[in-house]
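Text of the file query.txt, holding compact mmCIF, C-alpha atoms:
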# COMPACT_ATOMS: atom_id res chain seq x y z
CA MET A 1 0.00 0.00 0.00
CA THR A 2 2.73 2.43 0.98
CA ILE A 3 4.52 1.69 -2.28
CA LEU A 4 1.34 2.54 -4.22
CA ILE A 5 1.05 5.88 -2.41
CA ILE A 6 4.69 6.61 -3.22
CA ILE A 7 4.05 5.85 -6.89
CA GLY A 8 1.03 8.17 -6.77
CA MET A 9 3.17 10.94 -5.28
CA ALA A 10 5.76 10.35 -7.97
CA VAL A 11 3.18 10.55 -10.77
CA ILE A 12 1.69 13.81 -9.44
CA THR A 13 5.12 15.39 -9.03
CA PHE A 14 6.25 14.21 -12.46
CA LEU A 15 3.17 15.54 -14.27
CA PHE A 16 3.55 18.97 -12.70
CA ARG A 17 7.13 19.17 -13.89
CA PHE A 18 6.78 17.50 -17.26
CA VAL A 19 3.52 18.74 -18.84
CA PRO A 20 4.45 22.46 -18.86
CA LEU A 21 7.69 21.53 -20.68
CA LEU A 22 5.58 20.28 -23.58
CA LEU A 23 3.62 23.52 -23.79
CA THR A 24 6.48 26.00 -23.68
CA ASN A 25 9.54 26.76 -25.73
CA HIS A 26 12.24 29.36 -25.88
CA THR A 27 10.72 32.50 -27.37
CA ASN A 28 11.68 36.13 -27.43
CA GLY A 29 8.19 37.44 -26.87
CA SER A 30 7.58 40.03 -24.20
CA SER A 31 4.05 39.23 -23.10
CA LYS A 32 2.83 40.08 -19.63
CA VAL A 33 2.86 36.42 -18.65
CA GLN A 34 6.53 36.18 -19.55
CA ALA A 35 7.32 39.30 -17.58
CA LEU A 36 5.62 37.73 -14.57
CA LEU A 37 7.50 34.46 -15.07
CA GLU A 38 10.71 36.45 -14.93
CA TYR A 39 9.95 37.28 -11.29
CA LEU A 40 9.15 33.67 -10.46
CA PRO A 41 12.63 32.32 -9.60
CA ILE A 42 13.31 34.81 -6.83
CA ALA A 43 9.71 34.75 -5.56
CA VAL A 44 9.41 30.98 -5.25
CA LEU A 45 12.92 30.39 -3.92
CA SER A 46 12.51 33.12 -1.28
CA ALA A 47 9.10 31.78 -0.23
CA LEU A 48 10.55 28.28 0.08
CA THR A 49 13.70 29.23 1.96
CA VAL A 50 12.52 31.54 4.71
CA PRO A 51 10.07 29.47 6.75
CA GLY A 52 11.88 26.29 5.64
CA ILE A 53 15.26 27.14 7.08
CA ILE A 54 13.84 28.55 10.33
CA GLN A 55 11.84 25.36 10.92
CA VAL A 56 14.60 23.02 9.83
CA ASP A 57 15.15 22.03 13.46
CA PRO A 58 11.73 22.18 15.13
CA ASP A 59 13.32 22.17 18.61
CA VAL A 60 15.89 24.91 18.08
CA ASN A 61 14.99 27.56 15.50
CA LEU A 62 18.38 29.14 16.09
CA VAL A 63 20.05 26.29 14.15
CA GLY A 64 18.40 27.34 10.90
CA ILE A 65 18.69 31.05 11.61
CA ALA A 66 22.45 30.77 12.29
CA SER A 67 22.94 28.62 9.22
CA GLY A 68 21.06 31.07 7.01
CA THR A 69 22.87 34.08 8.44
CA VAL A 70 26.26 32.48 7.79
CA ALA A 71 25.18 31.64 4.23
CA VAL A 72 24.15 35.25 3.57
CA ILE A 73 27.40 36.63 5.04
CA LEU A 74 29.56 34.21 3.05
CA VAL A 75 27.70 35.03 -0.16
CA LEU A 76 28.18 38.75 0.38
CA ILE A 77 31.92 38.23 0.65
CA ARG A 78 32.85 38.00 -3.00
CA LYS A 79 34.63 35.11 -4.65
CA ILE A 80 33.63 32.39 -2.26
CA PRO A 81 32.62 29.32 -4.29
CA LEU A 82 29.10 27.96 -3.66
CA LEU A 83 30.53 24.74 -2.28
CA PHE A 84 32.17 26.59 0.62
CA VAL A 85 29.06 28.65 1.28
CA ILE A 86 27.15 25.38 1.75
CA LEU A 87 29.90 23.80 3.90
CA GLY A 88 30.15 26.93 6.06
CA SER A 89 26.43 27.15 6.51
CA VAL A 90 26.01 23.49 7.49
CA SER A 91 29.00 23.73 9.88
CA ALA A 92 27.35 26.72 11.57
CA ALA A 93 24.13 24.72 11.98
CA ILE A 94 25.97 21.77 13.55
CA LEU A 95 27.97 24.07 15.82
CA VAL A 96 24.87 25.85 17.11
CA LYS A 97 23.17 22.50 17.69
CA MET A 98 26.19 21.29 19.72
CA LEU A 99 26.20 24.48 21.77
CA THR A 100 22.51 24.17 22.59
CA LEU A 101 23.02 20.55 23.62
CA TYR A 102 25.92 21.15 25.96
CA PHE A 103 25.19 24.55 27.47
CA MET B 1 29.96 18.24 -31.58
CA ASN B 2 32.83 19.78 -29.70
CA ASP B 3 30.55 22.55 -28.61
CA GLN B 4 28.14 20.00 -27.14
CA LYS B 5 30.95 18.45 -25.11
CA VAL B 6 31.88 21.87 -23.78
CA MET B 7 28.27 22.56 -22.81
CA PHE B 8 28.00 19.16 -21.11
CA ARG B 9 31.15 19.93 -19.10
CA THR B 10 29.78 23.35 -18.17
CA GLY B 11 26.65 21.58 -16.91
CA LEU B 12 28.75 19.13 -14.87
CA LYS B 13 30.69 22.02 -13.35
CA ASP B 14 27.49 23.87 -12.46
CA SER B 15 26.08 20.71 -10.87
CA ILE B 16 28.86 20.54 -8.26
CA ALA B 17 27.06 22.99 -5.98
CA ILE B 18 23.77 21.10 -6.29
CA VAL B 19 25.52 17.82 -5.49
CA ALA B 20 27.14 19.46 -2.45
CA GLY B 21 23.71 20.55 -1.27
CA PHE B 22 22.08 17.19 -1.99
CA ILE B 23 24.57 14.85 -0.31
CA PRO B 24 23.94 15.93 3.32
CA ALA B 25 20.21 16.48 2.70
CA CYS B 26 19.59 13.14 0.97
CA PHE B 27 21.76 11.33 3.51
CA THR B 28 19.57 12.87 6.21
CA PHE B 29 16.48 11.86 4.29
CA GLY B 30 17.58 8.21 4.34
CA LEU B 31 18.28 8.42 8.08
CA VAL B 32 15.03 10.22 8.90
CA GLY B 33 12.94 7.81 6.83
CA LYS B 34 14.43 4.79 8.61
CA GLY B 35 14.18 6.60 11.94
CA LEU B 36 10.46 7.13 11.39
CA GLY B 37 10.02 3.39 10.92
CA LEU B 38 9.53 3.07 7.17
CA GLU B 39 10.90 0.12 5.21
CA SER B 40 14.26 0.69 3.50
CA LEU B 41 12.71 0.12 0.07
CA GLU B 42 9.99 2.70 0.72
CA VAL B 43 12.48 5.36 1.76
CA PHE B 44 14.65 4.63 -1.24
CA LEU B 45 11.72 4.73 -3.68
CA LEU B 46 10.62 8.10 -2.33
CA SER B 47 14.04 9.45 -3.23
CA ALA B 48 14.35 7.58 -6.52
CA LEU B 49 10.83 8.16 -7.89
CA VAL B 50 9.55 11.38 -6.33
CA PHE B 51 12.92 13.21 -6.23
CA ALA B 52 11.50 16.48 -4.96
CA GLY B 53 14.02 17.81 -2.45
CA ALA B 54 12.29 19.54 0.42
CA SER B 55 8.81 18.08 -0.18
CA GLN B 56 10.08 14.51 0.15
CA PHE B 57 10.51 15.18 3.87
CA ILE B 58 6.85 16.08 4.20
CA GLY B 59 5.87 12.91 2.33
CA VAL B 60 8.00 10.66 4.50
CA LYS B 61 6.56 12.16 7.68
CA MET B 62 2.96 11.68 6.51
CA LEU B 63 3.61 8.10 5.43
CA ALA B 64 5.20 7.30 8.76
CA ALA B 65 2.28 8.89 10.61
CA GLY B 66 -0.01 6.50 8.73
CA ALA B 67 -2.07 9.22 7.04
CA ALA B 68 -4.75 8.04 4.60
CA ALA B 69 -3.76 7.76 0.94
CA PRO B 70 -6.14 10.49 -0.34
CA VAL B 71 -4.83 12.93 2.27
CA ILE B 72 -1.22 12.27 1.35
CA LEU B 73 -1.90 12.58 -2.36
CA LEU B 74 -3.93 15.76 -1.93
CA LEU B 75 -1.18 17.33 0.14
CA THR B 76 1.41 16.26 -2.44
CA LEU B 77 -0.74 17.97 -5.03
CA ILE B 78 -0.90 21.21 -3.04
CA ILE B 79 2.76 21.26 -2.00
CA ASN B 80 4.06 20.39 -5.45
CA LEU B 81 1.74 22.68 -7.39
CA ARG B 82 4.58 25.20 -7.40
CA TYR B 83 6.45 22.91 -9.80
CA LEU B 84 3.78 23.69 -12.37
CA PHE B 85 4.89 27.34 -12.30
CA ILE B 86 8.55 26.48 -12.05
CA SER B 87 8.30 24.16 -15.03
CA LEU B 88 6.34 26.71 -17.04
CA SER B 89 9.02 29.30 -16.39
CA PHE B 90 11.82 26.79 -17.05
CA GLY B 91 10.21 25.51 -20.24
CA GLY B 92 10.36 29.03 -21.64
CA GLN B 93 14.15 28.77 -21.57
CA LEU B 94 14.47 25.40 -23.31
CA ASN B 95 15.87 25.01 -26.77
CA ARG B 96 13.13 24.13 -29.27
CA ASN B 97 14.98 21.13 -30.64
CA ILE B 98 14.87 19.15 -27.38
CA SER B 99 12.81 16.00 -27.95
CA VAL B 100 9.81 14.85 -25.91
CA LEU B 101 11.82 11.90 -24.58
CA ALA B 102 14.56 14.24 -23.36
CA ARG B 103 11.92 16.53 -21.85
CA THR B 104 10.59 13.53 -19.89
CA TRP B 105 13.94 13.21 -18.15
CA ILE B 106 14.41 16.97 -17.80
CA GLY B 107 10.95 17.27 -16.22
CA PHE B 108 11.46 14.30 -13.93
CA SER B 109 14.71 15.68 -12.54
CA LEU B 110 13.70 19.35 -12.42
CA THR B 111 14.21 20.18 -8.75
CA GLU B 112 14.18 23.72 -7.36
CA GLU B 113 17.94 23.57 -7.10
CA VAL B 114 18.39 22.71 -10.79
CA TYR B 115 15.93 25.46 -11.64
CA ALA B 116 17.78 27.98 -9.48
CA VAL B 117 21.21 27.17 -10.92
CA SER B 118 20.08 27.32 -14.54
CA MET B 119 17.81 30.36 -14.27
CA ILE B 120 19.73 32.70 -12.00
CA PRO B 121 22.61 34.55 -13.65
CA ARG B 122 25.99 34.10 -12.02
CA GLU B 123 29.51 35.33 -12.48
CA GLY B 124 31.08 33.85 -15.59
CA VAL B 125 27.69 32.70 -16.88
CA ASN B 126 26.36 35.04 -19.49
CA ARG B 127 23.29 33.80 -21.24
CA LYS B 128 22.25 37.22 -22.53
CA THR B 129 22.40 37.58 -26.28
CA GLU B 130 23.67 40.67 -28.06
CA ASN B 131 20.42 42.57 -28.04
CA GLU B 132 20.07 41.91 -24.27
CA LYS B 133 16.40 41.23 -24.82
CA MET B 134 16.50 37.48 -24.46
CA ASN B 135 18.62 34.75 -22.95
CA GLN B 136 20.32 31.99 -24.87
CA PRO B 137 18.13 28.90 -24.77
CA LEU B 138 19.15 26.05 -22.48
CA GLY B 139 20.41 23.12 -24.53
CA LEU B 140 20.23 19.40 -23.85
CA PRO B 141 23.98 18.76 -23.35
CA TYR B 142 24.16 21.43 -20.64
CA LEU B 143 21.03 20.13 -18.89
CA LEU B 144 22.26 16.51 -18.97
CA GLY B 145 25.47 17.63 -17.30
CA LEU B 146 23.52 19.66 -14.76
CA GLN B 147 20.78 17.14 -13.88
CA ILE B 148 22.43 13.71 -13.92
CA PRO B 149 25.00 14.15 -11.09
CA PRO B 150 22.45 15.47 -8.53
CA TYR B 151 20.14 12.52 -9.24
CA VAL B 152 22.95 9.99 -8.89
CA ALA B 153 24.12 11.74 -5.71
CA ASN B 154 20.54 11.58 -4.43
CA LEU B 155 20.40 7.80 -4.94
CA ILE B 156 23.79 7.12 -3.38
CA ALA B 157 23.34 9.49 -0.43
CA THR B 158 19.84 8.20 0.38
CA ALA B 159 21.07 4.59 0.26
CA SER B 160 24.00 5.49 2.54
CA GLY B 161 21.62 7.23 4.93
CA ILE B 162 19.37 4.17 5.08
CA THR B 163 22.35 1.88 5.66
CA LEU B 164 23.95 4.01 8.37
CA ALA B 165 20.67 4.93 10.08
CA SER B 166 21.51 3.22 13.33
CA TYR B 167 24.96 4.79 13.74
CA ILE B 168 24.28 8.55 13.56
CA PRO B 169 22.88 10.54 16.48
CA ALA B 170 19.44 11.72 15.35
CA LEU B 171 19.84 15.06 17.11
CA TYR B 172 22.17 16.36 14.41
CA LEU B 173 20.01 15.46 11.43
CA PRO B 174 18.10 18.76 11.12
CA ALA B 175 21.39 20.65 11.03
CA LEU B 176 22.52 18.64 7.98
CA ASN B 177 19.33 19.56 6.24
CA THR B 178 20.27 23.22 6.08
CA SER B 179 22.48 22.42 3.07
CA LEU B 180 19.58 22.68 0.60
CA TYR B 181 18.58 26.08 1.90
CA ALA B 182 22.18 27.30 1.95
CA LEU B 183 22.39 26.55 -1.76
CA LEU B 184 19.20 28.49 -2.49
CA ILE B 185 20.39 31.44 -0.38
CA ALA B 186 23.71 31.47 -2.20
CA LEU B 187 21.91 31.72 -5.52
CA VAL B 188 19.27 34.28 -4.58
CA VAL B 189 21.15 36.80 -2.41
CA PRO B 190 23.54 38.07 -5.13
CA GLN B 191 20.46 38.90 -7.24
CA LEU B 192 19.25 41.33 -4.61
CA LYS B 193 22.26 43.62 -4.70
CA GLY B 194 21.54 46.68 -6.79
CA SER B 195 18.03 45.65 -7.79
CA LEU B 196 15.20 47.29 -5.91
CA ARG B 197 12.67 45.12 -7.68
CA ASN B 198 14.38 41.83 -6.84
CA MET B 199 14.77 42.97 -3.25
CA ALA B 200 11.05 43.77 -3.07
CA ILE B 201 10.11 40.40 -4.60
CA CYS B 202 12.34 38.54 -2.15
CA ILE B 203 11.17 40.40 0.95
CA SER B 204 7.47 40.22 0.09
CA ALA B 205 7.60 36.53 -0.88
CA ALA B 206 9.75 35.48 2.08
CA GLY B 207 7.81 37.67 4.53
CA SER B 208 4.35 36.51 3.44
CA SER B 209 5.48 32.88 3.33
CA TRP B 210 6.73 33.20 6.90
CA LEU B 211 3.57 34.96 8.11
CA LEU B 212 1.13 32.67 6.30
CA ASN B 213 2.93 29.46 7.25
CA PRO B 214 1.26 29.03 10.68
CA LEU B 215 -2.14 29.48 9.01
CA LEU B 216 -1.75 27.59 5.76
CA GLY B 217 1.12 25.19 6.41
CA ASN B 218 3.10 24.20 3.35
CA SER B 219 0.68 25.65 0.83
CA SER B 220 1.75 29.11 2.02
CA ILE B 221 4.71 28.80 -0.39
CA LEU B 222 2.39 28.97 -3.36
CA ILE B 223 0.48 32.04 -2.18
CA ALA B 224 3.67 33.79 -1.11
CA MET B 225 5.15 33.11 -4.54
CA LEU B 226 2.16 34.80 -6.22
CA ILE B 227 2.40 37.77 -3.83
CA GLY B 228 6.10 38.14 -4.65
CA MET B 229 5.40 38.08 -8.39
CA ALA B 230 2.59 40.63 -8.00
CA VAL B 231 4.90 42.95 -6.06
CA GLY B 232 7.54 42.51 -8.76
CA SER B 233 5.12 43.58 -11.47
CA LEU B 234 4.23 46.72 -9.51
CA ILE B 235 7.80 47.96 -9.36
CA LYS B 236 9.15 49.56 -12.46
CA GLY B 237 12.77 49.42 -13.38
CA GLN B 238 15.33 47.33 -15.14
CA VAL B 239 16.02 43.98 -13.56
CA LYS B 240 19.72 44.32 -13.16
CA ALA B 241 21.60 41.06 -13.32
CA GLU B 242 24.26 41.43 -10.69
CA LYS B 243 27.28 39.24 -10.83
CA GLY B 244 26.91 36.40 -8.39
CA VAL B 245 29.24 33.94 -6.78
CA SER B 246 31.24 31.53 -8.88
CA ILE B 247 30.70 27.83 -8.47

As structure tokens:
Amino acid sequence: MTILIIIGMAVITFLFRFVPLLLTNHTNGSSKVQALLEYLPIAVLSALTVPGIIQVDPDVNLVGIASGTVAVILVLIRKIPLLFVILGSVSAAILVKMLTLYF
Amino acid sequence: MNDQKVMFRTGLKDSIAIVAGFIPACFTFGLVGKGLGLESLEVFLLSALVFAGASQFIGVKMLAAGAAAPVILLLTLIINLRYLFISLSFGGQLNRNISVLARTWIGFSLTEEVYAVSMIPREGVNRKTENEKMNQPLGLPYLLGLQIPPYVANLIATASGITLASYIPALYLPALNTSLYALLIALVVPQLKGSLRNMAICISAAGSSWLLNPLLGNSSILIAMLIGMAVGSLIKGQVKAEKGVSI
């Protein structure tokens, strides 16, 4: 039964991602819809990240907040590769978690 | 031909950051799934078939809680509805000559992270054409290079998580999960410098998502996304593509 539910979840997710790819193509039009779609990356990624990272550890919100803050600071320092931003951010999260456990 | 190889390599190089974000998160997913009492095969299939980053965690929790099938599927529908918009926006960047078969794979493996890396301009990545009006289309070789390594990393890391589930202290798992969000932050933040409009989109989307979350749960993402886009359309001005971090 669980496997069937998983397959159902997979089908739903797949259709959402696949069907629009059949309807759209690279065009140079400048319709209003396209202008709106231009704002989509930042809108959806911001909406996903902010509550997500704060709630990442339901017991200690500070873990996510510290991790996010470190990521923002590292990004603002130029020339740091993405890989190190991720490593730094995860290290900060683990460190904060350790501190809350032992103090 | 040579050009295709170069594009494939560029894709591979761009995928490094996604892989770095996926390894700790997928590893954690394997651990969490086992920790919640699901069968190893079920946890692995969630990763292998659904492959939806953050929303997999919601699925695994509902399955473990024994929620009814219609409830789980309905919630999957609501949570993943945002992919419809993401895919619509992504599809507008695809090269026309990409076949339906290739689009099946591209659609299947289109996570937010892949979307973010291919859509957001970064240092050394210039997809603007001469007239600055439109971007170069995304070609298949680049997308294969970009999408295959994260999927393979997802499979391997989830399997490792499942296998090592009994050896890792569960307390540290949430901290490992921050890797996905760190990647998204690293891609979005450079876009905010010097662009009032992008800043407004980010703040309104993030703020409304945060405020609506206690009321609407995970579907707040969708509404917040629409609010962010509406705010963006209200603000006039050139969207200035700032140089971002290098991968």

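Between atom CA of Val117 of chain B and atom CA of Val85 of chain A lies a distance of 14.6 Å.
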
Would you mind listing, for every residue of chain A within 6 Å of chain B, the two atoms forming the shortest contact and the distance between them in Å to one decimal, using only C-alpha atoms, sorted by chain and ascending residue number, as a Markdown table?
| residue | atom | partner | partner_atom | distance |
| --- | --- | --- | --- | --- |
| A:Ala10 | CA | B:Val50 | CA | 4.3 |
| A:Phe14 | CA | B:Phe108 | CA | 5.4 |
| A:Phe16 | CA | B:Leu84 | CA | 4.7 |
| A:Arg17 | CA | B:Gly107 | CA | 4.9 |
| A:Phe18 | CA | B:Gly107 | CA | 4.3 |
| A:Pro20 | CA | B:Leu88 | CA | 5.0 |
| A:Leu21 | CA | B:Gly91 | CA | 4.7 |
| A:Thr24 | CA | B:Gly91 | CA | 5.1 |
| A:Asn25 | CA | B:Gly92 | CA | 4.7 |
| A:His26 | CA | B:Gly92 | CA | 4.6 |
| A:Asn28 | CA | B:Met134 | CA | 5.8 |
| A:Leu37 | CA | B:Ser89 | CA | 5.5 |
| A:Tyr39 | CA | B:Met229 | CA | 5.5 |
| A:Ala43 | CA | B:Met225 | CA | 5.0 |
| A:Val44 | CA | B:Met225 | CA | 4.8 |
| A:Ser46 | CA | B:Ala206 | CA | 4.9 |
| A:Ala47 | CA | B:Ala206 | CA | 4.4 |
| A:Leu48 | CA | B:Ile221 | CA | 5.9 |
| A:Thr49 | CA | B:Tyr181 | CA | 5.8 |
| A:Val50 | CA | B:Ala206 | CA | 5.5 |
| A:Pro51 | CA | B:Trp210 | CA | 5.0 |
| A:Val56 | CA | B:Pro174 | CA | 5.7 |
| A:Asp57 | CA | B:Pro174 | CA | 5.0 |
| A:Ala71 | CA | B:Ala182 | CA | 5.7 |
| A:Val75 | CA | B:Ala186 | CA | 5.7 |
| A:Lys79 | CA | B:Val245 | CA | 5.9 |
| A:Pro81 | CA | B:Ile247 | CA | 4.8 |
| A:Leu82 | CA | B:Ile247 | CA | 5.1 |
| A:Leu83 | CA | B:Ala17 | CA | 5.4 |
| A:Ile86 | CA | B:Ala182 | CA | 5.3 |
| A:Val90 | CA | B:Ser179 | CA | 5.8 |
| A:Ala93 | CA | B:Ala175 | CA | 5.0 |
| A:Ile94 | CA | B:Ala175 | CA | 5.3 |

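Taking atom CA of Leu36 of chain A as the reference point, atom CA of Ile235 of chain B is found at 11.7 Å.
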
- Message: Quick one: residues within 9 Å of Ile65 of chain A, all atoms listed in the file, excluding same-chain residues fewer than 4 positions away - as a PyMOL selection string?
- Response: chain A and resi 53-55+61+69-70+93

- Message: Could you list, as a PyMOL selection string, every residue within 8 Å of Ile23 of chain B, counting all atoms listed in the file and ignoring same-chain residues fewer than 6 positions away?
- Response: chain B and resi 153-154+157

- Task: To one decimal in Å, tell me the separation between atom CA of Gly37 of chain B and atom CA of Thr2 of chain A.
- Result: 12.4 Å

- For each of B:Leu155, B:Leu36, B:Leu196, B:Ala170, take the minimum atom-to-atom distance to Met62 of chain B, counting only C-alpha atoms, then give the residue where this is smallest.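 Among B:Leu155, B:Leu36, B:Leu196, B:Ala170, it is B:Leu36 that comes nearest to Met62 of chain B.
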